[in-house]
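Student: One file is attached below, my_file.cif, containing mmCIF, C-alpha atoms, pLDDT in the B column; chains and numbers go by the auth columns.
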```cif
data_my_file
loop_
_atom_site.group_PDB
_atom_site.id
_atom_site.type_symbol
_atom_site.label_atom_id
_atom_site.label_comp_id
_atom_site.label_asym_id
_atom_site.label_seq_id
_atom_site.Cartn_x
_atom_site.Cartn_y
_atom_site.Cartn_z
_atom_site.B_iso_or_equiv
_atom_site.auth_seq_id
_atom_site.auth_asym_id
ATOM 1 C CA MET A 1 -6.524 23.065 -5.250 65.00 177 M
ATOM 2 C CA VAL A 2 -7.746 19.773 -3.816 85.00 178 M
ATOM 3 C CA LEU A 3 -5.717 16.791 -4.932 97.00 179 M
ATOM 4 C CA LYS A 4 -7.780 14.327 -6.966 98.00 180 M
ATOM 5 C CA LEU A 5 -7.083 10.634 -6.448 98.00 181 M
ATOM 6 C CA TYR A 6 -8.654 7.992 -8.655 98.00 182 M
ATOM 7 C CA SER A 7 -9.023 5.208 -6.163 98.00 183 M
ATOM 8 C CA LEU A 8 -10.533 1.998 -4.870 98.00 184 M
ATOM 9 C CA ASP A 9 -10.609 1.553 -1.090 98.00 185 M
ATOM 10 C CA THR A 10 -9.898 -2.192 -1.137 98.00 186 M
ATOM 11 C CA SER A 11 -6.704 -1.695 -3.163 98.00 187 M
ATOM 12 C CA PRO A 12 -3.530 -1.909 -1.023 98.00 188 M
ATOM 13 C CA PRO A 13 -1.579 0.595 -3.177 98.00 189 M
ATOM 14 C CA VAL A 14 -4.462 3.075 -2.941 98.00 190 M
ATOM 15 C CA ARG A 15 -4.504 2.743 0.835 98.00 191 M
ATOM 16 C CA ALA A 16 -0.761 3.370 0.933 99.00 192 M
ATOM 17 C CA VAL A 17 -1.448 6.767 -0.638 98.00 193 M
ATOM 18 C CA TYR A 18 -4.326 7.338 1.800 98.00 194 M
ATOM 19 C CA LEU A 19 -1.933 6.710 4.711 98.00 195 M
ATOM 20 C CA THR A 20 0.646 9.124 3.322 98.00 196 M
ATOM 21 C CA ALA A 21 -1.917 11.858 2.738 98.00 197 M
ATOM 22 C CA GLU A 22 -3.389 11.341 6.210 98.00 198 M
ATOM 23 C CA ILE A 23 -0.020 11.763 7.907 98.00 199 M
ATOM 24 C CA LEU A 24 0.774 14.828 5.795 97.00 200 M
ATOM 25 C CA GLY A 25 -2.634 16.371 6.493 97.00 201 M
ATOM 26 C CA LEU A 26 -3.512 16.535 2.805 97.00 202 M
ATOM 27 C CA GLN A 27 -7.109 16.563 1.597 97.00 203 M
ATOM 28 C CA LEU A 28 -7.882 14.135 -1.208 98.00 204 M
ATOM 29 C CA GLU A 29 -10.864 14.270 -3.520 98.00 205 M
ATOM 30 C CA ARG A 30 -11.377 10.542 -3.923 98.00 206 M
ATOM 31 C CA ILE A 31 -12.818 9.526 -7.270 98.00 207 M
ATOM 32 C CA HIS A 32 -14.059 5.971 -6.855 97.00 208 M
ATOM 33 C CA MET A 33 -13.230 3.583 -9.669 97.00 209 M
ATOM 34 C CA SER A 34 -15.332 0.448 -10.116 95.00 210 M
ATOM 35 C CA LEU A 35 -13.160 -2.189 -11.735 89.00 211 M
ATOM 36 C CA MET A 36 -16.192 -4.428 -12.173 88.00 212 M
ATOM 37 C CA ASN A 37 -17.798 -1.671 -14.262 94.00 213 M
ATOM 38 C CA GLU A 38 -14.470 -1.211 -16.065 95.00 214 M
ATOM 39 C CA ASP A 39 -14.230 2.455 -15.108 95.00 215 M
ATOM 40 C CA GLN A 40 -10.482 2.137 -15.579 97.00 216 M
ATOM 41 C CA LEU A 41 -10.984 1.459 -19.299 97.00 217 M
ATOM 42 C CA ARG A 42 -13.050 4.545 -20.011 97.00 218 M
ATOM 43 C CA PRO A 43 -11.349 6.678 -22.684 98.00 219 M
ATOM 44 C CA GLU A 44 -11.142 9.755 -20.448 97.00 220 M
ATOM 45 C CA PHE A 45 -9.281 7.784 -17.774 98.00 221 M
ATOM 46 C CA VAL A 46 -6.999 5.965 -20.210 98.00 222 M
ATOM 47 C CA LYS A 47 -6.081 9.380 -21.588 98.00 223 M
ATOM 48 C CA LEU A 48 -4.919 10.356 -18.096 97.00 224 M
ATOM 49 C CA ASN A 49 -3.187 7.057 -17.375 98.00 225 M
ATOM 50 C CA PRO A 50 -2.440 4.787 -20.344 98.00 226 M
ATOM 51 C CA GLN A 51 -1.750 1.928 -17.906 98.00 227 M
ATOM 52 C CA HIS A 52 -5.285 2.489 -16.519 97.00 228 M
ATOM 53 C CA THR A 53 -4.299 1.663 -12.939 97.00 229 M
ATOM 54 C CA VAL A 54 -5.228 2.956 -9.513 98.00 230 M
ATOM 55 C CA PRO A 55 -4.137 4.936 -7.670 98.00 231 M
ATOM 56 C CA THR A 56 -3.756 7.805 -10.125 98.00 232 M
ATOM 57 C CA LEU A 57 -3.137 11.302 -8.798 98.00 233 M
ATOM 58 C CA ASP A 58 -4.192 14.541 -10.478 98.00 234 M
ATOM 59 C CA ASP A 59 -2.428 17.499 -8.893 98.00 235 M
ATOM 60 C CA ASP A 60 -3.711 20.487 -10.860 96.00 236 M
ATOM 61 C CA GLY A 61 -3.169 18.714 -14.165 96.00 237 M
ATOM 62 C CA LYS A 62 0.016 16.930 -13.161 97.00 238 M
ATOM 63 C CA ILE A 63 -0.826 13.222 -13.489 98.00 239 M
ATOM 64 C CA ILE A 64 1.097 10.583 -11.568 98.00 240 M
ATOM 65 C CA TRP A 65 0.370 6.894 -11.195 98.00 241 M
ATOM 66 C CA ASP A 66 2.022 4.090 -9.204 98.00 242 M
ATOM 67 C CA SER A 67 1.542 4.362 -5.456 98.00 243 M
ATOM 68 C CA HIS A 68 5.240 4.604 -4.635 98.00 244 M
ATOM 69 C CA ALA A 69 5.791 7.424 -7.118 98.00 245 M
ATOM 70 C CA ILE A 70 2.749 9.253 -5.741 99.00 246 M
ATOM 71 C CA MET A 71 3.883 8.856 -2.133 98.00 247 M
ATOM 72 C CA ILE A 72 7.369 10.187 -2.860 98.00 248 M
ATOM 73 C CA TYR A 73 5.885 13.089 -4.827 98.00 249 M
ATOM 74 C CA LEU A 74 3.490 14.065 -2.028 98.00 250 M
ATOM 75 C CA VAL A 75 6.174 14.004 0.652 98.00 251 M
ATOM 76 C CA THR A 76 8.706 15.829 -1.510 97.00 252 M
ATOM 77 C CA LYS A 77 6.278 18.568 -2.559 97.00 253 M
ATOM 78 C CA TYR A 78 4.033 19.024 0.460 97.00 254 M
ATOM 79 C CA SER A 79 5.887 17.955 3.605 96.00 255 M
ATOM 80 C CA LYS A 80 8.255 20.202 5.533 89.00 256 M
ATOM 81 C CA ASP A 81 9.076 17.263 7.789 90.00 257 M
ATOM 82 C CA ARG A 82 11.307 14.862 5.869 91.00 258 M
ATOM 83 C CA SER A 83 11.083 12.008 8.400 96.00 259 M
ATOM 84 C CA LEU A 84 8.932 9.832 6.114 98.00 260 M
ATOM 85 C CA TYR A 85 11.462 10.214 3.318 98.00 261 M
ATOM 86 C CA PRO A 86 14.763 11.494 4.724 97.00 262 M
ATOM 87 C CA GLU A 87 17.275 13.182 2.450 96.00 263 M
ATOM 88 C CA ASP A 88 20.072 10.837 3.519 96.00 264 M
ATOM 89 C CA PRO A 89 20.970 8.822 0.366 97.00 265 M
ATOM 90 C CA PHE A 90 21.418 5.514 2.185 97.00 266 M
ATOM 91 C CA THR A 91 18.094 5.783 4.015 97.00 267 M
ATOM 92 C CA ARG A 92 16.344 6.604 0.754 98.00 268 M
ATOM 93 C CA ALA A 93 18.000 3.617 -0.898 98.00 269 M
ATOM 94 C CA VAL A 94 16.678 1.346 1.859 98.00 270 M
ATOM 95 C CA ILE A 95 13.189 2.835 1.478 98.00 271 M
ATOM 96 C CA HIS A 96 13.308 2.273 -2.292 98.00 272 M
ATOM 97 C CA GLN A 97 14.571 -1.253 -1.701 98.00 273 M
ATOM 98 C CA LYS A 98 11.566 -2.079 0.462 98.00 274 M
ATOM 99 C CA GLN A 99 9.163 -0.396 -1.948 98.00 275 M
ATOM 100 C CA HIS A 100 10.555 -2.575 -4.729 98.00 276 M
ATOM 101 C CA PHE A 101 10.060 -5.574 -2.447 98.00 277 M
ATOM 102 C CA ASP A 102 6.438 -4.503 -2.160 98.00 278 M
ATOM 103 C CA SER A 103 5.892 -4.042 -5.903 98.00 279 M
ATOM 104 C CA GLY A 104 8.097 -6.939 -6.977 98.00 280 M
ATOM 105 C CA LEU A 105 7.154 -9.695 -4.542 98.00 281 M
ATOM 106 C CA ALA A 106 4.507 -8.844 -1.941 98.00 282 M
ATOM 107 C CA PHE A 107 1.850 -7.165 -4.103 98.00 283 M
ATOM 108 C CA PRO A 108 2.215 -9.628 -7.026 98.00 284 M
ATOM 109 C CA ALA A 109 1.569 -12.468 -4.553 97.00 285 M
ATOM 110 C CA PHE A 110 -1.710 -10.762 -3.661 97.00 286 M
ATOM 111 C CA ILE A 111 -2.675 -10.151 -7.288 95.00 287 M
ATOM 112 C CA ARG A 112 -2.045 -13.770 -8.312 94.00 288 M
ATOM 113 C CA ILE A 113 -4.435 -15.034 -5.630 94.00 289 M
ATOM 114 C CA VAL A 114 -7.129 -12.481 -6.434 91.00 290 M
ATOM 115 C CA LYS A 115 -6.991 -13.148 -10.161 88.00 291 M
ATOM 116 C CA ALA A 116 -7.015 -16.921 -9.677 87.00 292 M
ATOM 117 C CA LYS A 117 -9.888 -16.708 -7.169 71.00 293 M
ATOM 118 C CA THR A 118 -8.366 -19.694 -5.377 77.00 294 M
ATOM 119 C CA ILE A 119 -5.464 -20.156 -2.997 88.00 295 M
ATOM 120 C CA PRO A 120 -3.338 -23.031 -4.332 92.00 296 M
ATOM 121 C CA GLN A 121 -0.386 -24.280 -2.324 95.00 297 M
ATOM 122 C CA SER A 122 2.028 -22.487 -4.650 95.00 298 M
ATOM 123 C CA SER A 123 0.390 -19.163 -3.777 95.00 299 M
ATOM 124 C CA ILE A 124 0.461 -19.956 -0.070 97.00 300 M
ATOM 125 C CA ASP A 125 4.169 -20.739 -0.375 98.00 301 M
ATOM 126 C CA GLU A 126 4.739 -17.448 -2.199 98.00 302 M
ATOM 127 C CA VAL A 127 3.023 -15.463 0.563 98.00 303 M
ATOM 128 C CA VAL A 128 4.945 -17.338 3.258 98.00 304 M
ATOM 129 C CA THR A 129 8.156 -16.363 1.480 98.00 305 M
ATOM 130 C CA VAL A 130 7.055 -12.719 1.694 98.00 306 M
ATOM 131 C CA TYR A 131 6.409 -13.131 5.420 99.00 307 M
ATOM 132 C CA ASP A 132 9.786 -14.823 5.924 98.00 308 M
ATOM 133 C CA PHE A 133 11.617 -11.944 4.270 98.00 309 M
ATOM 134 C CA LEU A 134 9.671 -9.256 6.131 98.00 310 M
ATOM 135 C CA GLU A 135 10.241 -11.015 9.451 98.00 311 M
ATOM 136 C CA THR A 136 13.974 -10.855 8.751 98.00 312 M
ATOM 137 C CA PHE A 137 13.798 -7.198 7.659 98.00 313 M
ATOM 138 C CA LEU A 138 12.223 -6.336 11.011 98.00 314 M
ATOM 139 C CA GLU A 139 14.741 -8.259 13.108 98.00 315 M
ATOM 140 C CA GLY A 140 15.901 -5.920 15.867 97.00 316 M
ATOM 141 C CA LYS A 141 13.922 -3.015 14.388 96.00 317 M
ATOM 142 C CA ASN A 142 10.541 -1.415 15.044 97.00 318 M
ATOM 143 C CA TRP A 143 10.178 -0.185 11.472 98.00 319 M
ATOM 144 C CA VAL A 144 10.880 -1.638 8.060 98.00 320 M
ATOM 145 C CA ALA A 145 13.656 0.786 7.059 97.00 321 M
ATOM 146 C CA GLY A 146 15.195 1.331 10.484 91.00 322 M
ATOM 147 C CA ASP A 147 14.493 3.227 13.665 93.00 323 M
ATOM 148 C CA PHE A 148 11.521 5.351 12.585 97.00 324 M
ATOM 149 C CA LEU A 149 8.434 5.244 10.417 98.00 325 M
ATOM 150 C CA THR A 150 9.046 5.894 6.715 98.00 326 M
ATOM 151 C CA LEU A 151 7.374 5.435 3.355 98.00 327 M
ATOM 152 C CA ALA A 152 8.679 1.863 3.426 98.00 328 M
ATOM 153 C CA ASP A 153 6.216 1.051 6.219 98.00 329 M
ATOM 154 C CA LEU A 154 3.347 2.897 4.563 98.00 330 M
ATOM 155 C CA SER A 155 3.989 1.029 1.308 98.00 331 M
ATOM 156 C CA LEU A 156 4.067 -2.441 2.832 99.00 332 M
ATOM 157 C CA LEU A 157 1.471 -2.136 5.587 99.00 333 M
ATOM 158 C CA PRO A 158 -1.647 -2.245 3.342 98.00 334 M
ATOM 159 C CA THR A 159 -0.222 -5.110 1.274 98.00 335 M
ATOM 160 C CA ILE A 160 0.772 -7.253 4.250 99.00 336 M
ATOM 161 C CA THR A 161 -2.450 -6.690 6.198 98.00 337 M
ATOM 162 C CA THR A 162 -4.433 -7.582 3.069 98.00 338 M
ATOM 163 C CA LEU A 163 -2.373 -10.723 2.454 98.00 339 M
ATOM 164 C CA ASP A 164 -3.180 -11.690 6.049 98.00 340 M
ATOM 165 C CA CYS A 165 -6.857 -11.920 5.005 97.00 341 M
ATOM 166 C CA LEU A 166 -5.879 -14.568 2.451 96.00 342 M
ATOM 167 C CA VAL A 167 -3.009 -16.400 4.150 97.00 343 M
ATOM 168 C CA ALA A 168 -3.040 -15.770 7.886 97.00 344 M
ATOM 169 C CA ILE A 169 0.206 -14.531 9.410 98.00 345 M
ATOM 170 C CA ASP A 170 1.432 -17.330 11.648 98.00 346 M
ATOM 171 C CA GLU A 171 1.999 -16.540 15.321 98.00 347 M
ATOM 172 C CA LYS A 172 5.681 -17.381 14.853 98.00 348 M
ATOM 173 C CA TYR A 173 6.130 -14.102 12.975 98.00 349 M
ATOM 174 C CA LEU A 174 6.572 -12.065 16.123 98.00 350 M
ATOM 175 C CA ASN A 175 8.304 -9.165 14.398 98.00 351 M
ATOM 176 C CA ILE A 176 5.546 -8.767 11.806 98.00 352 M
ATOM 177 C CA LYS A 177 2.816 -9.072 14.432 98.00 353 M
ATOM 178 C CA GLY A 178 4.508 -6.439 16.578 98.00 354 M
ATOM 179 C CA TRP A 179 4.988 -4.099 13.608 98.00 355 M
ATOM 180 C CA ILE A 180 1.322 -4.309 12.592 98.00 356 M
ATOM 181 C CA ARG A 181 0.271 -3.791 16.204 98.00 357 M
ATOM 182 C CA ARG A 182 2.447 -0.669 16.497 98.00 358 M
ATOM 183 C CA CYS A 183 0.991 0.756 13.307 98.00 359 M
ATOM 184 C CA SER A 184 -2.592 -0.030 14.306 98.00 360 M
ATOM 185 C CA THR A 185 -2.332 2.070 17.473 98.00 361 M
ATOM 186 C CA LEU A 186 -1.333 5.233 15.610 98.00 362 M
ATOM 187 C CA SER A 187 -3.810 7.973 14.719 98.00 363 M
ATOM 188 C CA TRP A 188 -3.485 7.596 10.948 98.00 364 M
ATOM 189 C CA TYR A 189 -4.135 3.843 10.790 98.00 365 M
ATOM 190 C CA HIS A 190 -7.844 4.334 10.075 98.00 366 M
ATOM 191 C CA ALA A 191 -6.839 5.300 6.531 98.00 367 M
ATOM 192 C CA ASN A 192 -5.905 1.645 6.019 98.00 368 M
ATOM 193 C CA LYS A 193 -8.559 0.047 8.199 98.00 369 M
ATOM 194 C CA LYS A 194 -11.729 0.961 6.280 97.00 370 M
ATOM 195 C CA GLY A 195 -10.654 -0.565 2.969 98.00 371 M
ATOM 196 C CA LEU A 196 -9.013 -3.502 4.717 98.00 372 M
ATOM 197 C CA ASP A 197 -12.218 -4.306 6.626 98.00 373 M
ATOM 198 C CA GLU A 198 -14.197 -4.081 3.391 98.00 374 M
ATOM 199 C CA PHE A 199 -11.816 -6.511 1.682 97.00 375 M
ATOM 200 C CA ARG A 200 -11.887 -8.903 4.648 97.00 376 M
ATOM 201 C CA ASN A 201 -15.692 -8.881 4.697 97.00 377 M
ATOM 202 C CA ARG A 202 -15.780 -9.744 0.998 93.00 378 M
ATOM 203 C CA ILE A 203 -13.441 -12.672 1.538 92.00 379 M
ATOM 204 C CA ASN A 204 -15.430 -13.915 4.521 91.00 380 M
ATOM 205 C CA ASN A 205 -18.671 -13.707 2.522 90.00 381 M
ATOM 206 C CA LEU A 206 -17.119 -15.702 -0.312 84.00 382 M
ATOM 207 C CA LEU A 207 -15.989 -18.379 2.131 73.00 383 M
ATOM 208 C CA ALA A 208 -19.310 -18.497 4.000 66.00 384 M
#
```
The structure in this file should be written as structure tokens.
Tutor:
Amino acid sequence: MVLKLYSLDTSPPVRAVYLTAEILGLQLERIHMSLMNEDQLRPEFVKLNPQHTVPTLDDDGKIIWDSHAIMIYLVTKYSKDRSLYPEDPFTRAVIHQKQHFDSGLAFPAFIRIVKAKTIPQSSIDEVVTVYDFLETFLEGKNWVAGDFLTLADLSLLPTITTLDCLVAIDEKYLNIKGWIRRCSTLSWYHANKKGLDEFRNRINNLLA
């Protein structure tokens, strides 16, 4: 059965699931949700996901929402290669740590700007704090959780590249710049690029 994903391409958490599925070679039936049309509030969707959020995964009637939960589920169920989510308890703890950083600090910084429709100095400062932390996380490392690509990278990459459209990543953040550059050269990066380009174009049109 094809996995159904209720999605919105410009959403960073949705693109994190896209990246995971792309690497795993999984086919997704993408069901586009228009937030402007309030598709997420339709009774049939709220019945699936009472929090009415995207992404929401339907795997043959098994409903999962929250991008991090979906990503872990897909790797655990469908991947024979555990490199994205190794079984080592410490490595998993580090991955979870960085995913919580994404959901607790990085993504909320994005949401506050989008909802406010302005970029006040307080929001800029919040995003810079995210960049400062991530720069430190990447010190001496190519990847967020250590020596190889994991779900930690796939979780944060869409959020950070989207924040860059709102508050540009300063050239001083050499580790972040290098990390994004490494990711962008890999075959699966297109799963992030389409929605990111669409978001960037919207921002540029608003500023024009």
Student: Between CA of Arg258 (chain M) and CA of Leu325 (chain M), what is the distance, to one decimal in Å?
Tutor: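 Going from CA of Arg258 (chain M) over to CA of Leu325 (chain M), I get 11.0 Å.
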Student: Tell me which of M:Met209, M:Leu330, M:Ile300, M:Ile289 sits closest to Pro189 (chain M), counting only C-alpha atoms.
Tutor: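 Closest candidate: M:Leu330.
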Student: State, in Å with one decimal place, the distance from CA of Asp373 (chain M) to CA of Thr361 (chain M).
Tutor: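 Computing it gives 16.0 Å between the two atoms.
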Student: For Asp329 (chain M), list every protein, DNA or RNA residue within 8 Å, evaluated using only C-alpha atoms, and leave out those in the same chain fewer than 6 positions away; present the list as a ChimeraX atom specification.
Tutor: /M:319-321
Student: Which residues fall under the PyMOL selection byres ((chain M and resi 227-233) around 9) in this file, as JSON, numbers by chain?
Tutor: {"M": [179, 180, 181, 182, 183, 184, 187, 189, 190, 191, 193, 209, 216, 217, 218, 221, 222, 223, 224, 225, 226, 234, 235, 238, 239, 240, 241, 242, 243, 246]}
Student: Go ahead and save the picked residues with C-alpha atoms, as a compact mmCIF listing (two decimals), in the frame of the given file.
Tutor:
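Once everything was written out, this is part28.txt:
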```
# COMPACT_ATOMS: atom_id res chain seq x y z
CA LEU M 179 -5.72 16.79 -4.93
CA LYS M 180 -7.78 14.33 -6.97
CA LEU M 181 -7.08 10.63 -6.45
CA TYR M 182 -8.65 7.99 -8.65
CA SER M 183 -9.02 5.21 -6.16
CA LEU M 184 -10.53 2.00 -4.87
CA SER M 187 -6.70 -1.70 -3.16
CA PRO M 189 -1.58 0.60 -3.18
CA VAL M 190 -4.46 3.08 -2.94
CA ARG M 191 -4.50 2.74 0.84
CA VAL M 193 -1.45 6.77 -0.64
CA MET M 209 -13.23 3.58 -9.67
CA GLN M 216 -10.48 2.14 -15.58
CA LEU M 217 -10.98 1.46 -19.30
CA ARG M 218 -13.05 4.54 -20.01
CA PHE M 221 -9.28 7.78 -17.77
CA VAL M 222 -7.00 5.96 -20.21
CA LYS M 223 -6.08 9.38 -21.59
CA LEU M 224 -4.92 10.36 -18.10
CA ASN M 225 -3.19 7.06 -17.38
CA PRO M 226 -2.44 4.79 -20.34
CA ASP M 234 -4.19 14.54 -10.48
CA ASP M 235 -2.43 17.50 -8.89
CA LYS M 238 0.02 16.93 -13.16
CA ILE M 239 -0.83 13.22 -13.49
CA ILE M 240 1.10 10.58 -11.57
CA TRP M 241 0.37 6.89 -11.20
CA ASP M 242 2.02 4.09 -9.20
CA SER M 243 1.54 4.36 -5.46
CA ILE M 246 2.75 9.25 -5.74
```
Student: Care to translate the PyMOL selection byres ((chain M and resi 261) around 9) into actual residues of this file, as a PyMOL selection string?
Tutor: chain M and resi 248+251-252+257-260+262-264+267-268+271+326-328
Student: Tell me which of M:His276, M:His366, M:Arg376, M:Lys348 sits closest to Ile199 (chain M), counting all atoms listed in the file.
Tutor: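 Of all the options, M:His366 lies closest to Ile199 (chain M).
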Student: Rounded to one decimal place, report the CA of Asn380 (chain M)-CA of Leu211 (chain M) distance in Å.
Tutor: 20.2 Å
Student: Applied to the shown file, which residues does the PyMOL selection byres ((chain M and resi 311) around 10) return, written as a PyMOL selection string?
Tutor: chain M and resi 305-310+312-316+320+348-353+355
Student: Of the residues M:Glu347, M:Glu220, M:Asp185, M:Glu198, which is the one nearest to Leu362 (chain M), using only C-alpha atoms?
Tutor: M:Glu198
Student: Can you pull region 282-339 of chain M out of that block with C-alpha atoms and hand it back as a tab-separated table (two decimals), in the first residue's frame?
Tutor:
```
chain	number	residue	atom	x	y	z
M	282	ALA	CA	14.18	26.41	15.89
M	283	PHE	CA	10.71	25.72	14.46
M	284	PRO	CA	8.88	27.94	17.00
M	285	ALA	CA	11.16	30.82	15.95
M	286	PHE	CA	9.96	30.29	12.38
M	287	ILE	CA	6.29	30.06	13.38
M	288	ARG	CA	6.41	33.27	15.43
M	289	ILE	CA	7.70	35.24	12.44
M	290	VAL	CA	5.20	33.73	10.01
M	291	LYS	CA	2.25	34.34	12.30
M	292	ALA	CA	3.33	37.90	13.07
M	293	LYS	CA	3.97	38.64	9.38
M	294	THR	CA	6.79	40.94	10.46
M	295	ILE	CA	10.35	40.39	11.64
M	296	PRO	CA	10.82	42.41	14.84
M	297	GLN	CA	14.23	42.59	16.47
M	298	SER	CA	13.15	40.11	19.15
M	299	SER	CA	12.45	37.52	16.45
M	300	ILE	CA	15.76	38.22	14.74
M	301	ASP	CA	17.51	37.73	18.08
M	302	GLU	CA	15.66	34.44	18.60
M	303	VAL	CA	16.76	33.12	15.20
M	304	VAL	CA	20.35	34.24	15.81
M	305	THR	CA	20.28	32.26	19.06
M	306	VAL	CA	19.24	29.19	17.05
M	307	TYR	CA	22.14	29.77	14.66
M	308	ASP	CA	24.58	30.24	17.55
M	309	PHE	CA	23.57	26.92	19.10
M	310	LEU	CA	23.67	25.02	15.81
M	311	GLU	CA	27.09	26.47	14.97
M	312	THR	CA	28.34	25.08	18.28
M	313	PHE	CA	26.66	21.70	17.71
M	314	LEU	CA	28.54	21.39	14.42
M	315	GLU	CA	31.93	22.35	15.84
M	316	GLY	CA	34.42	19.74	14.64
M	317	LYS	CA	31.64	17.67	13.05
M	318	ASN	CA	30.21	17.28	9.56
M	319	TRP	CA	26.78	16.26	10.84
M	320	VAL	CA	24.52	17.42	13.63
M	321	ALA	CA	24.62	14.22	15.70
M	322	GLY	CA	28.19	13.17	14.95
M	323	ASP	CA	30.18	11.60	12.16
M	324	PHE	CA	27.38	10.59	9.78
M	325	LEU	CA	24.02	11.73	8.50
M	326	THR	CA	21.08	10.94	10.79
M	327	LEU	CA	17.48	11.95	11.38
M	328	ALA	CA	18.85	14.88	13.38
M	329	ASP	CA	20.12	16.45	10.14
M	330	LEU	CA	16.94	15.67	8.23
M	331	SER	CA	14.86	17.24	11.00
M	332	LEU	CA	16.82	20.48	11.21
M	333	LEU	CA	17.79	21.04	7.58
M	334	PRO	CA	14.34	22.19	6.32
M	335	THR	CA	13.84	24.43	9.36
M	336	ILE	CA	17.24	26.10	9.15
M	337	THR	CA	17.17	26.63	5.39
M	338	THR	CA	13.69	28.15	5.72
M	339	LEU	CA	14.78	30.43	8.57
```
